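Peer 1: This is the content of final.cif (mmCIF, C-alpha atoms (C1' of nucleotides)):
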```
data_upload
#
loop_
_atom_site.label_atom_id
_atom_site.label_comp_id
_atom_site.auth_asym_id
_atom_site.auth_seq_id
_atom_site.Cartn_x
_atom_site.Cartn_y
_atom_site.Cartn_z
CA MET I 1 134.62 72.66 111.48
CA GLU I 2 135.13 71.64 115.15
CA GLN I 3 135.07 74.57 117.51
CA ASP I 4 135.21 75.37 121.18
CA PRO I 5 131.80 74.24 122.47
CA ALA I 6 131.37 77.49 124.39
CA THR I 7 131.41 79.50 121.16
CA ASP I 8 130.26 76.86 118.71
CA PRO I 9 127.84 78.57 116.31
CA VAL I 10 124.50 76.86 116.20
CA SER I 11 124.01 77.02 112.46
CA GLU I 12 126.02 77.15 109.32
CA LEU I 13 124.70 80.68 108.83
CA GLU I 14 126.32 81.83 112.06
CA THR I 15 129.59 80.21 111.07
CA HIS I 16 129.47 82.13 107.83
CA LEU I 17 128.69 85.44 109.52
CA ALA I 18 131.41 84.92 112.10
CA ALA I 19 133.87 84.20 109.29
CA PHE I 20 132.84 87.37 107.54
CA GLN I 21 133.35 89.44 110.66
CA ARG I 22 136.74 87.86 111.15
CA GLU I 23 137.87 88.38 107.56
CA PHE I 24 136.18 91.68 106.88
CA PRO I 25 135.42 93.59 110.07
CA GLU I 26 134.38 96.77 108.28
CA ILE I 27 131.33 95.20 106.62
CA ASP I 28 127.99 95.92 108.32
CA PRO I 29 127.07 92.60 109.95
CA GLN I 30 123.34 93.28 109.76
CA VAL I 31 123.45 93.75 105.99
CA GLU I 32 125.51 90.62 105.59
CA ALA I 33 123.12 88.72 107.88
CA ILE I 34 120.13 89.64 105.75
CA VAL I 35 121.80 88.82 102.46
CA ALA I 36 123.31 85.56 103.70
CA ALA I 37 120.01 84.38 105.23
CA LEU I 38 118.18 85.28 102.05
CA PHE I 39 120.56 83.31 99.83
CA ARG I 40 120.62 80.30 102.12
CA LEU I 41 116.87 80.28 102.44
CA HIS I 42 116.48 80.46 98.69
CA ARG I 43 118.90 77.62 98.22
CA ARG I 44 117.14 75.39 100.71
CA MET I 45 113.72 76.13 99.31
CA ASP I 46 114.97 75.45 95.82
CA VAL I 47 116.23 72.04 96.91
CA ALA I 48 112.93 71.32 98.65
CA TYR I 49 110.90 72.27 95.58
CA GLY I 50 113.16 70.11 93.47
CA ARG I 51 112.37 67.12 95.64
CA GLN I 52 108.65 67.73 95.55
CA LEU I 53 108.74 68.07 91.80
CA THR I 54 110.77 64.91 91.35
CA ALA I 55 108.27 63.07 93.53
CA LEU I 56 105.46 64.35 91.31
CA GLY I 57 107.30 63.31 88.17
CA ILE I 58 108.43 66.55 86.55
CA SER I 59 111.62 68.60 86.53
CA ASN I 60 112.08 72.12 87.80
CA ALA I 61 112.54 73.27 84.21
CA GLU I 62 109.17 71.86 83.19
CA TRP I 63 107.54 73.37 86.24
CA GLU I 64 108.78 76.85 85.33
CA VAL I 65 107.20 76.56 81.91
CA LEU I 66 103.88 75.34 83.33
CA ARG I 67 103.79 78.20 85.81
CA THR I 68 104.58 80.79 83.19
CA LEU I 69 101.74 79.56 81.00
CA VAL I 70 99.26 79.59 83.89
CA VAL I 71 100.30 83.05 85.07
CA ALA I 72 99.74 84.28 81.51
CA GLY I 73 96.06 83.33 81.97
CA ARG I 74 93.52 81.64 79.75
CA PRO I 75 93.76 80.19 77.19
CA TYR I 76 97.24 79.36 78.58
CA ARG I 77 99.10 79.97 75.34
CA LEU I 78 102.43 81.66 74.68
CA GLY I 79 105.05 81.62 71.93
CA PRO I 80 108.59 80.40 72.48
CA GLY I 81 109.87 83.97 72.40
CA GLU I 82 107.51 85.11 75.14
CA LEU I 83 108.38 82.08 77.22
CA ALA I 84 112.08 82.76 76.75
CA ARG I 85 111.72 86.35 77.97
CA SER I 86 109.63 85.34 80.99
CA LEU I 87 111.94 82.52 81.94
CA GLY I 88 115.15 84.42 81.37
CA LEU I 89 116.35 81.79 78.90
CA THR I 90 117.37 81.84 75.26
CA ALA I 91 114.82 80.82 72.65
CA ALA I 92 117.04 77.82 71.96
CA ALA I 93 116.65 76.55 75.51
CA VAL I 94 112.87 76.94 75.25
CA THR I 95 112.85 74.88 72.06
CA HIS I 96 114.57 72.03 73.92
CA ARG I 97 112.38 72.28 77.01
CA VAL I 98 109.19 72.33 75.00
CA ASP I 99 110.39 69.28 73.04
CA ARG I 100 110.53 67.35 76.28
CA MET I 101 107.23 68.67 77.56
CA VAL I 102 105.39 67.80 74.35
CA THR I 103 106.71 64.25 74.71
CA ASP I 104 105.43 64.22 78.30
CA GLY I 105 102.03 65.49 77.21
CA LEU I 106 102.14 68.65 79.34
CA VAL I 107 101.89 71.11 76.44
CA THR I 108 101.19 71.07 72.71
CA ARG I 109 103.11 72.92 70.00
CA SER I 110 101.39 74.16 66.87
CA ARG I 111 101.71 76.81 64.18
CA ASP I 112 99.48 79.86 64.38
CA GLU I 113 97.40 79.47 61.17
CA ASN I 114 96.84 83.25 60.95
CA ASN I 115 100.54 83.98 61.06
CA ARG I 116 102.57 80.95 60.22
CA VAL I 117 105.80 82.44 61.57
CA ARG I 118 104.42 82.12 65.06
CA VAL I 119 104.44 78.95 67.12
CA ILE I 120 101.91 78.43 69.92
CA ILE I 121 102.78 76.52 73.07
CA GLU I 122 99.56 75.61 74.87
CA LEU I 123 98.95 73.95 78.21
CA THR I 124 97.13 70.61 77.98
CA ASP I 125 94.61 69.46 80.58
CA ALA I 126 97.29 67.16 81.96
CA GLY I 127 99.62 70.14 82.24
CA ARG I 128 97.04 72.18 84.09
CA GLU I 129 96.35 69.31 86.48
CA MET I 130 100.05 68.92 87.16
CA TRP I 131 100.23 72.63 87.92
CA ASP I 132 97.38 72.39 90.42
CA LEU I 133 99.03 69.47 92.12
CA VAL I 134 102.39 71.20 92.43
CA VAL I 135 100.94 74.48 93.65
CA ARG I 136 98.95 72.78 96.39
CA GLU I 137 102.06 70.94 97.61
CA ALA I 138 104.19 74.07 97.44
CA ALA I 139 101.60 76.18 99.25
CA ARG I 140 101.51 73.67 102.08
CA PHE I 141 105.29 73.74 102.34
CA GLU I 142 105.48 77.53 102.24
CA ALA I 143 102.77 77.95 104.85
CA GLY I 144 104.79 75.62 107.08
CA LEU I 145 107.88 77.80 106.74
CA LEU I 146 105.93 80.83 107.91
CA GLN I 147 103.94 79.19 110.66
CA ASP I 148 106.07 80.67 113.45
CA LEU I 149 105.49 84.23 112.27
CA GLY I 150 102.48 86.26 113.29
CA SER I 151 100.57 88.42 110.87
CA GLY I 152 102.49 91.56 111.80
CA GLU I 153 105.82 89.80 111.41
CA ARG I 154 104.80 88.46 108.04
CA ALA I 155 103.79 91.92 106.92
CA ALA I 156 107.16 93.31 108.05
CA LEU I 157 108.97 90.57 106.18
CA ALA I 158 106.95 91.06 103.00
CA ASP I 159 107.46 94.80 103.21
CA GLY I 160 111.22 94.53 103.68
CA LEU I 161 111.60 92.15 100.76
CA ARG I 162 109.42 94.30 98.54
CA ARG I 163 111.44 97.39 99.27
CA MET I 164 114.70 95.62 98.54
CA LEU I 165 113.16 94.37 95.32
CA GLU I 166 112.10 97.87 94.30
CA ARG I 167 115.62 99.09 94.93
CA VAL I 168 117.23 96.35 92.91
CA GLU I 169 114.79 96.95 90.07
CA GLU I 170 115.74 100.62 90.05
CA THR I 171 119.44 99.86 90.21
CA GLN I 172 119.42 97.01 87.67
CA PRO I 173 116.57 97.97 85.37
CA ASP I 174 117.18 95.71 82.40
CA ALA I 175 117.72 92.43 84.28
CA ALA I 176 114.39 91.06 83.09
CA GLY I 177 112.90 89.03 85.91
CA ARG I 178 112.18 85.47 85.11
CA THR I 179 108.83 84.40 86.52
CA GLU I 180 110.27 82.61 89.47
CA GLY I 181 108.77 81.55 92.79
CA MET S 1 100.22 91.83 79.25
CA GLU S 2 98.19 95.00 78.47
CA GLN S 3 95.65 95.79 81.15
CA ASP S 4 93.09 98.40 82.08
CA PRO S 5 95.20 101.37 83.24
CA ALA S 6 93.01 101.76 86.33
CA THR S 7 94.07 98.32 87.57
CA ASP S 8 97.42 98.03 85.83
CA PRO S 9 99.83 96.48 88.32
CA VAL S 10 102.93 98.57 88.82
CA SER S 11 105.39 95.73 88.93
CA GLU S 12 105.86 92.29 87.55
CA LEU S 13 105.54 90.99 91.09
CA GLU S 14 102.03 92.38 91.39
CA THR S 15 101.09 90.87 88.06
CA HIS S 16 102.27 87.53 89.32
CA LEU S 17 100.39 87.83 92.61
CA ALA S 18 97.21 88.92 90.85
CA ALA S 19 97.51 85.93 88.52
CA PHE S 20 97.90 83.64 91.48
CA GLN S 21 94.82 85.04 93.16
CA ARG S 22 92.88 84.64 89.94
CA GLU S 23 94.01 81.08 89.32
CA PHE S 24 94.19 79.86 92.89
CA PRO S 25 91.97 81.93 95.20
CA GLU S 26 92.37 79.61 98.16
CA ILE S 27 96.09 80.25 98.56
CA ASP S 28 97.08 82.74 101.28
CA PRO S 29 98.18 85.83 99.35
CA GLN S 30 100.54 86.98 102.08
CA VAL S 31 102.49 83.73 101.99
CA GLU S 32 102.67 83.87 98.24
CA ALA S 33 103.75 87.52 98.37
CA ILE S 34 106.67 86.70 100.65
CA VAL S 35 107.81 83.71 98.64
CA ALA S 36 107.45 85.43 95.30
CA ALA S 37 109.29 88.56 96.46
CA LEU S 38 112.05 86.43 97.94
CA PHE S 39 112.59 84.46 94.73
CA ARG S 40 112.48 87.53 92.53
CA LEU S 41 114.85 89.42 94.77
CA HIS S 42 117.28 86.50 94.76
CA ARG S 43 117.12 86.29 91.00
CA ARG S 44 117.79 89.98 90.52
CA MET S 45 120.63 90.01 92.99
CA ASP S 46 122.14 86.97 91.34
CA VAL S 47 122.09 88.72 87.98
CA ALA S 48 123.62 91.84 89.54
CA TYR S 49 126.42 89.85 91.18
CA GLY S 50 127.04 88.08 87.89
CA ARG S 51 127.59 91.43 86.20
CA GLN S 52 129.94 92.68 88.87
CA LEU S 53 131.95 89.47 88.70
CA THR S 54 132.17 89.57 84.92
CA ALA S 55 133.39 93.15 85.15
CA LEU S 56 136.07 92.06 87.60
CA GLY S 57 137.11 89.17 85.34
CA ILE S 58 135.90 86.04 87.13
CA SER S 59 132.86 83.80 86.88
CA ASN S 60 130.27 83.14 89.55
CA ALA S 61 131.57 79.58 89.85
CA GLU S 62 135.09 80.80 90.59
CA TRP S 63 133.76 83.33 93.06
CA GLU S 64 131.96 80.65 95.04
CA VAL S 65 135.18 78.69 95.41
CA LEU S 66 137.15 81.75 96.52
CA ARG S 67 134.53 82.62 99.12
CA THR S 68 134.40 79.10 100.49
CA LEU S 69 138.16 79.06 100.96
CA VAL S 70 138.16 82.42 102.71
CA VAL S 71 135.27 81.51 105.00
CA ALA S 72 137.21 78.39 105.98
CA GLY S 73 139.86 80.71 107.42
CA ARG S 74 143.62 80.72 107.32
CA PRO S 75 145.57 79.16 105.78
CA TYR S 76 142.77 79.13 103.20
CA ARG S 77 143.12 75.46 102.29
CA LEU S 78 140.47 72.81 101.63
CA GLY S 79 140.31 69.51 99.80
CA PRO S 80 138.06 68.92 96.77
CA GLY S 81 135.69 66.87 98.91
CA GLU S 82 135.21 69.63 101.47
CA LEU S 83 134.73 72.16 98.72
CA ALA S 84 132.17 69.91 97.05
CA ARG S 85 130.15 69.59 100.27
CA SER S 86 130.25 73.32 100.97
CA LEU S 87 129.34 74.24 97.43
CA GLY S 88 126.63 71.63 97.00
CA LEU S 89 128.41 70.20 93.96
CA THR S 90 129.81 66.80 93.10
CA ALA S 91 133.53 66.21 93.53
CA ALA S 92 133.74 65.90 89.76
CA ALA S 93 132.46 69.43 89.28
CA VAL S 94 135.03 70.72 91.77
CA THR S 95 137.79 68.97 89.84
CA HIS S 96 136.76 70.88 86.71
CA ARG S 97 136.33 74.22 88.47
CA VAL S 98 139.67 73.97 90.19
CA ASP S 99 141.32 73.10 86.85
CA ARG S 100 140.15 76.46 85.50
CA MET S 101 141.10 78.36 88.64
CA VAL S 102 144.60 76.92 88.71
CA THR S 103 145.00 78.10 85.13
CA ASP S 104 143.81 81.55 86.19
CA GLY S 105 146.23 81.62 89.12
CA LEU S 106 143.56 82.03 91.80
CA VAL S 107 144.37 78.77 93.62
CA THR S 108 147.04 76.08 93.64
CA ARG S 109 146.51 72.31 93.74
CA SER S 110 148.98 70.00 95.47
CA ARG S 111 149.18 66.60 97.17
CA ASP S 112 149.29 66.46 100.94
CA GLU S 113 152.69 64.84 101.52
CA ASN S 114 151.57 63.43 104.90
CA ASN S 115 148.60 61.69 103.37
CA ARG S 116 148.98 61.26 99.68
CA VAL S 117 145.30 60.46 99.11
CA ARG S 118 144.47 64.06 99.95
CA VAL S 119 144.66 66.97 97.58
CA ILE S 120 145.01 70.52 98.90
CA ILE S 121 143.41 73.45 97.14
CA GLU S 122 144.96 76.66 98.47
CA LEU S 123 144.12 80.28 97.81
CA THR S 124 146.93 82.29 96.18
CA ASP S 125 147.62 85.91 96.98
CA ALA S 126 145.96 86.83 93.70
CA GLY S 127 142.91 84.82 94.77
CA ARG S 128 142.73 86.59 98.09
CA GLU S 129 143.04 89.99 96.44
CA MET S 130 140.25 89.11 94.03
CA TRP S 131 138.09 88.11 96.97
CA ASP S 132 138.67 91.44 98.72
CA LEU S 133 137.80 93.31 95.57
CA VAL S 134 134.57 91.40 95.02
CA VAL S 135 133.43 91.63 98.63
CA ARG S 136 133.89 95.39 98.71
CA GLU S 137 131.84 95.82 95.54
CA ALA S 138 129.14 93.46 96.77
CA ALA S 139 128.92 95.13 100.18
CA ARG S 140 128.39 98.49 98.53
CA PHE S 141 125.62 97.05 96.37
CA GLU S 142 123.93 95.29 99.29
CA ALA S 143 124.06 98.36 101.50
CA GLY S 144 122.34 100.24 98.67
CA LEU S 145 119.51 97.73 98.56
CA LEU S 146 118.86 98.22 102.25
CA GLN S 147 119.29 101.97 102.40
CA ASP S 148 115.53 102.65 102.63
CA LEU S 149 115.12 100.46 105.70
CA GLY S 150 115.70 101.70 109.22
CA SER S 151 117.50 99.68 111.81
CA GLY S 152 114.28 98.25 113.28
CA GLU S 153 113.01 97.28 109.85
CA ARG S 154 116.28 95.58 109.05
CA ALA S 155 116.14 93.66 112.29
CA ALA S 156 112.59 92.53 111.52
CA LEU S 157 113.61 91.41 108.06
CA ALA S 158 116.66 89.54 109.32
CA ASP S 159 114.58 87.91 112.01
CA GLY S 160 111.85 86.77 109.63
CA LEU S 161 114.35 85.31 107.20
CA ARG S 162 116.25 83.57 109.96
CA ARG S 163 113.11 81.97 111.31
CA MET S 164 112.08 80.73 107.89
CA LEU S 165 115.57 79.35 107.46
CA GLU S 166 115.39 77.52 110.78
CA ARG S 167 112.10 76.01 109.74
CA VAL S 168 113.38 74.85 106.39
CA GLU S 169 116.46 73.37 108.03
CA GLU S 170 114.24 71.40 110.39
CA THR S 171 111.95 70.27 107.61
CA GLN S 172 114.69 69.45 105.09
CA PRO S 173 117.60 68.48 107.31
CA ASP S 174 119.91 66.78 104.83
CA ALA S 175 119.84 69.41 102.08
CA ALA S 176 123.35 70.56 102.88
CA GLY S 177 123.53 74.31 102.35
CA ARG S 178 126.03 75.52 99.88
CA THR S 179 127.94 78.53 101.13
CA GLU S 180 126.01 81.02 99.15
CA GLY S 181 125.52 84.78 99.57
"C1'" DT Z 1 154.25 41.18 104.52
"C1'" DG Z 2 150.19 40.84 102.00
"C1'" DC Z 3 145.17 40.92 101.26
"C1'" DG Z 4 140.59 43.17 101.37
"C1'" DT Z 5 138.04 47.15 102.08
"C1'" DA Z 6 137.34 52.01 102.57
"C1'" DT Z 7 138.41 56.62 101.10
"C1'" DA Z 8 139.85 60.66 97.91
"C1'" DG Z 9 139.93 62.24 93.73
"C1'" DT Z 10 139.69 61.94 88.45
"C1'" DT Z 11 137.80 60.41 84.10
"C1'" DT Z 12 134.00 59.33 81.12
"C1'" DA Z 13 129.38 59.50 79.12
"C1'" DG Z 14 125.35 61.88 78.98
"C1'" DT Z 15 122.14 66.22 79.86
"C1'" DA Z 16 120.80 71.17 79.74
"C1'" DC Z 17 122.18 75.26 78.76
"C1'" DT Z 18 124.22 79.52 75.65
"C1'" DG Z 19 125.60 82.15 71.40
"C1'" DA Z 20 125.79 82.05 66.67
"C1'" DA Z 21 124.48 80.38 62.25
"C1'" DG Z 22 120.74 78.72 59.52
"C1'" DT Z 23 115.75 78.06 57.81
"C1'" DC Z 24 111.30 79.41 56.94
"C1'" DT Z 25 107.47 82.93 56.80
"C1'" DT Z 26 105.82 87.48 56.29
"C1'" DC Z 27 105.66 92.04 54.50
"C1'" DA Z 28 107.08 96.42 52.00
"C1'" DG Z 29 108.43 98.29 47.75
"C1'" DC Z 30 108.60 98.05 43.07
"C1'" DG D 1 103.95 88.65 41.77
"C1'" DC D 2 109.03 89.14 42.62
"C1'" DT D 3 112.64 90.51 45.55
"C1'" DG D 4 114.98 91.80 49.70
"C1'" DA D 5 114.81 92.69 54.57
"C1'" DA D 6 113.03 91.55 59.05
"C1'" DG D 7 111.35 88.43 62.38
"C1'" DA D 8 110.52 83.79 64.81
"C1'" DC D 9 112.08 79.72 65.63
"C1'" DT D 10 115.45 75.72 65.18
"C1'" DT D 11 119.92 73.64 64.58
"C1'" DC D 12 124.76 73.42 65.68
"C1'" DA D 13 129.01 73.80 68.35
"C1'" DG D 14 130.80 74.52 72.66
"C1'" DT D 15 130.59 74.79 78.09
"C1'" DA D 16 129.45 73.25 82.82
"C1'" DC D 17 127.29 70.26 85.21
"C1'" DT D 18 125.91 65.15 87.21
"C1'" DA D 19 126.18 60.07 87.96
"C1'" DA D 20 128.81 56.33 87.55
"C1'" DA D 21 133.02 53.94 86.51
"C1'" DC D 22 137.67 54.08 87.46
"C1'" DT D 23 142.53 54.82 89.76
"C1'" DA D 24 145.40 55.33 93.57
"C1'" DT D 25 146.41 55.56 98.43
"C1'" DA D 26 145.66 54.23 103.21
"C1'" DC D 27 144.19 51.26 106.83
"C1'" DG D 28 142.74 46.90 109.44
"C1'" DC D 29 144.03 42.57 110.24
"C1'" DA D 30 145.87 38.01 109.77
#
```
What is this structure when it is put down as structure tokens?
Peer 2:
Amino acid sequence: MEQDPATDPVSELETHLAAFQREFPEIDPQVEAIVAALFRLHRRMDVAYGRQLTALGISNAEWEVLRTLVVAGRPYRLGPGELARSLGLTAAAVTHRVDRMVTDGLVTRSRDENNRVRVIIELTDAGREMWDLVVREAARFEAGLLQDLGSGERAALADGLRRMLERVEETQPDAAGRTEG
Amino acid sequence: MEQDPATDPVSELETHLAAFQREFPEIDPQVEAIVAALFRLHRRMDVAYGRQLTALGISNAEWEVLRTLVVAGRPYRLGPGELARSLGLTAAAVTHRVDRMVTDGLVTRSRDENNRVRVIIELTDAGREMWDLVVREAARFEAGLLQDLGSGERAALADGLRRMLERVEETQPDAAGRTEG
DNA sequence: TGCGTATAGTTTAGTACTGAAGTCTTCAGC
DNA sequence: GCTGAAGACTTCAGTACTAAACTATACGCA
């Protein structure tokens, strides 16, 4: 990775973009810059969240389930099938995750007595408290990432991302979004 | 998820943001909007890339290895250790991935005769051709996502993402970035 | 030359996921 | 109220990963 100091790219992102220009000159560098920054940023944030979660004693998988239940609203109950759709997982994976979370006391699993085919996964008080804890930590971290940007710049960023998201949702309609972020 | 039509959010993103405001009113909604859009966009794009790759006959894992070799530049050779660092995987995982890719004819594995501890993973012509094919498809897709945005808007988006990335790299220095995107 | 340590990569054991097969509950039709 | 089909979840078999143990080569130094 050693390079001539005069042209040494400052970041790994620049190295990547330079390599792309070298290998594929006909690709629009601005498009590639946006996509590459987006993927790198996501990756880094994901790693950072993982660390925070580990420090707080839960896994990323458990956190996703907690968040999905909270976003669903009171009384914080969903079936395995609903969870699977929201999380973009198979029902089998949800069965395994919920097994672990019941052991950890974050959720309970019970049969719906009105319709015994259905299973109800419900957030416990401990689960809700864990959620609060994680969200506060994450919000602090996220605010830090954006601290350099003024209100107008944030609005421009949010707008750009939203418009890309609308496009991708049009283009790829059935790729059900897991409740991420 | 049924809601009053008058306030029915148009997208799943808005549902998520509304839920966050409801459950956690003290969080800055603009920050949450940026982070949530970013994660959703990444997820959708990831799914879209996965489909393209499947259609072209390789997996996402194989694609990551091809890209890392190409970005490294001619003669498109790296050792398992370098690949592991770039990809954010363990050396063990690289061993397994390369096993599959050798079978598929995308790369070759050989000993460095000057230093027999080292193993050289080298892109084959077939691997390079596959890379070209994938990049062209991906570039078309990415350009489509950005087609609504003017040059100034793209610059603002790229700038915002880059500044977030710089921040996260400062805050989380050792989370080596895999060569993603 | 030969020993000890460091380095590069592979193998092994264990975890989390997927797709498919299986189990149990409900409901419609007779 | 029995039977068959449909639906919701779980179990099973297989895949890809990680951490840790292992193997083999290289290097420093007497």
Peer 1: Could you check how far CA of Ala139 (chain S) sits from CA of Glu32 (chain I), in Å to one decimal?
Peer 2: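 So the two atoms, CA of Ala139 (chain S) and CA of Glu32 (chain I), lie 7.8 Å apart.
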Peer 1: Tell me which residues the PyMOL selection byres ((chain S) within 8 of (chain I)) grabs here, as a PyMOL selection string.
Peer 2: chain S and resi 1+12+16+19-20+23+27+30-45+47-48+70-73+139+142-146+148-149+153-158+160-165+167-169+172+175+177-181
Peer 1: Listing only residues of chain Z within 12 Å of chain S, what is the closest atom pair and its distance in Å (to one decimal) for each, using only C-alpha atoms (C1' of nucleotides), sorted by chain and residue number ascending, as a Markdown table?
Peer 2:
```
| residue | atom | partner | partner_atom | distance |
| --- | --- | --- | --- | --- |
| Z:DT7 | C1' | S:Val117 | CA | 8.1 |
| Z:DA8 | C1' | S:Val117 | CA | 5.6 |
| Z:DG9 | C1' | S:Ala91 | CA | 7.5 |
| Z:DT10 | C1' | S:Ala92 | CA | 7.3 |
| Z:DT11 | C1' | S:Ala92 | CA | 8.9 |
| Z:DT12 | C1' | S:Ala92 | CA | 10.9 |
```
Peer 1: Write out the residues from the selection above, keeping C-alpha atoms (C1' of nucleotides), as a PDB file, in the coordinates of the input.
Peer 2:
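So again34.pdb came out as:
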```pdb
ATOM      1  C1'  DT Z   7     138.410  56.620 101.100  1.00  0.00           C
ATOM      2  C1'  DA Z   8     139.850  60.660  97.910  1.00  0.00           C
ATOM      3  C1'  DG Z   9     139.930  62.240  93.730  1.00  0.00           C
ATOM      4  C1'  DT Z  10     139.690  61.940  88.450  1.00  0.00           C
ATOM      5  C1'  DT Z  11     137.800  60.410  84.100  1.00  0.00           C
ATOM      6  C1'  DT Z  12     134.000  59.330  81.120  1.00  0.00           C
TER       7       DT Z  12
END
```
Peer 1: Do me a favour and pick out the residues of chain D within 8 Å of chain I, using only C-alpha atoms (C1' of nucleotides), as a PDB file with C-alpha atoms (C1' of nucleotides), in the frame of the given file.
Peer 2:
```pdb
ATOM      1  C1'  DA D   8     110.520  83.790  64.810  1.00  0.00           C
ATOM      2  C1'  DC D   9     112.080  79.720  65.630  1.00  0.00           C
ATOM      3  C1'  DT D  10     115.450  75.720  65.180  1.00  0.00           C
TER       4       DT D  10
END
```
Peer 1: Could you tell me which of I:Glu137, I:Glu14, I:Glu62, I:Glu113 comes closest to Asp99 (chain I) if we count all atoms listed in the file?
Peer 2: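 Distance minimum relative to Asp99 (chain I) lands on I:Glu62.
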Peer 1: Name the closest residue to DA16 (chain D) among the candidates S:Arg97, S:Arg77, S:Leu66, S:Pro25; distances are taken between atoms, counting all atoms listed in the file.
Peer 2: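 Looking only at the distances to DA16 (chain D), the closest residue turns out to be S:Arg97.
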Peer 1: If you apply the PyMOL selection byres ((chain Z and resi 4) around 12) to this file, what residues do you get, as a ChimeraX atom specification?
Peer 2: /Z:2-3,5-6 /D:27-30
Peer 1: Excluding same-chain residues fewer than 4 positions from DA20 (chain Z), what lies within 12 Å of it counting all atoms listed in the file, as a VMD selection string?
Peer 2: (chain I and resid 92) or (chain D and resid 11 to 14)
Peer 1: What is the CA of Leu89 (chain I)-CA of Asp104 (chain S) distance in Å, reported with one decimal?
Peer 2: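 These atoms are spaced 28.4 Å apart.
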Peer 1: Do a neighbour search on Ser59 (chain S) at 12 Å with all atoms listed in the file, toss out local chain neighbours closer than 2 positions, and write the hits as a PyMOL selection string.
Peer 2: (chain S and resi 47+49-57+61-66+97+100-101+104+106+130+134) or (chain D and resi 16)
Peer 1: By how many Å are CA of Leu78 (chain S) and CA of Val102 (chain S) apart?
Peer 2: 14.2 Å
Peer 1: Please provide as number ranges by chain all residues within 12 Å of DA13 (chain Z), with the sequence filter that same-chain residues fewer than 4 positions apart are discarded (counting only C-alpha atoms (C1' of nucleotides)).
Peer 2: D: 18-21
Peer 1: Could region 150-154 of chain S be completed with all heavy atoms and returned as a tab-separated table (two decimals), in the coordinates of the input?
Peer 2:
```tsv
chain	number	residue	atom	x	y	z
S	150	GLY	N	115.11	101.30	107.94
S	150	GLY	CA	115.70	101.70	109.22
S	150	GLY	C	116.21	100.49	109.97
S	150	GLY	O	116.00	99.36	109.54
S	151	SER	N	116.87	100.76	111.06
S	151	SER	CA	117.50	99.68	111.81
S	151	SER	C	116.48	98.65	112.31
S	151	SER	O	116.70	97.45	112.25
S	151	SER	CB	118.27	100.27	112.98
S	151	SER	OG	118.81	99.26	113.77
S	152	GLY	N	115.33	99.15	112.80
S	152	GLY	CA	114.28	98.25	113.28
S	152	GLY	C	113.71	97.40	112.15
S	152	GLY	O	113.47	96.20	112.32
S	153	GLU	N	113.54	98.02	110.99
S	153	GLU	CA	113.01	97.28	109.85
S	153	GLU	C	114.00	96.21	109.38
S	153	GLU	O	113.61	95.11	109.01
S	153	GLU	CB	112.69	98.25	108.72
S	153	GLU	CG	111.51	99.15	109.05
S	153	GLU	CD	111.32	100.28	108.05
S	153	GLU	OE1	112.32	100.98	107.72
S	153	GLU	OE2	110.20	100.48	107.61
S	154	ARG	N	115.26	96.57	109.42
S	154	ARG	CA	116.28	95.58	109.05
S	154	ARG	C	116.28	94.41	110.01
S	154	ARG	O	116.38	93.25	109.59
S	154	ARG	CB	117.67	96.21	109.06
S	154	ARG	CG	117.85	97.24	107.97
S	154	ARG	CD	119.27	97.78	107.99
S	154	ARG	NE	119.37	98.90	107.07
S	154	ARG	CZ	120.52	99.36	106.58
S	154	ARG	NH1	121.65	98.81	106.97
S	154	ARG	NH2	120.54	100.36	105.74
```
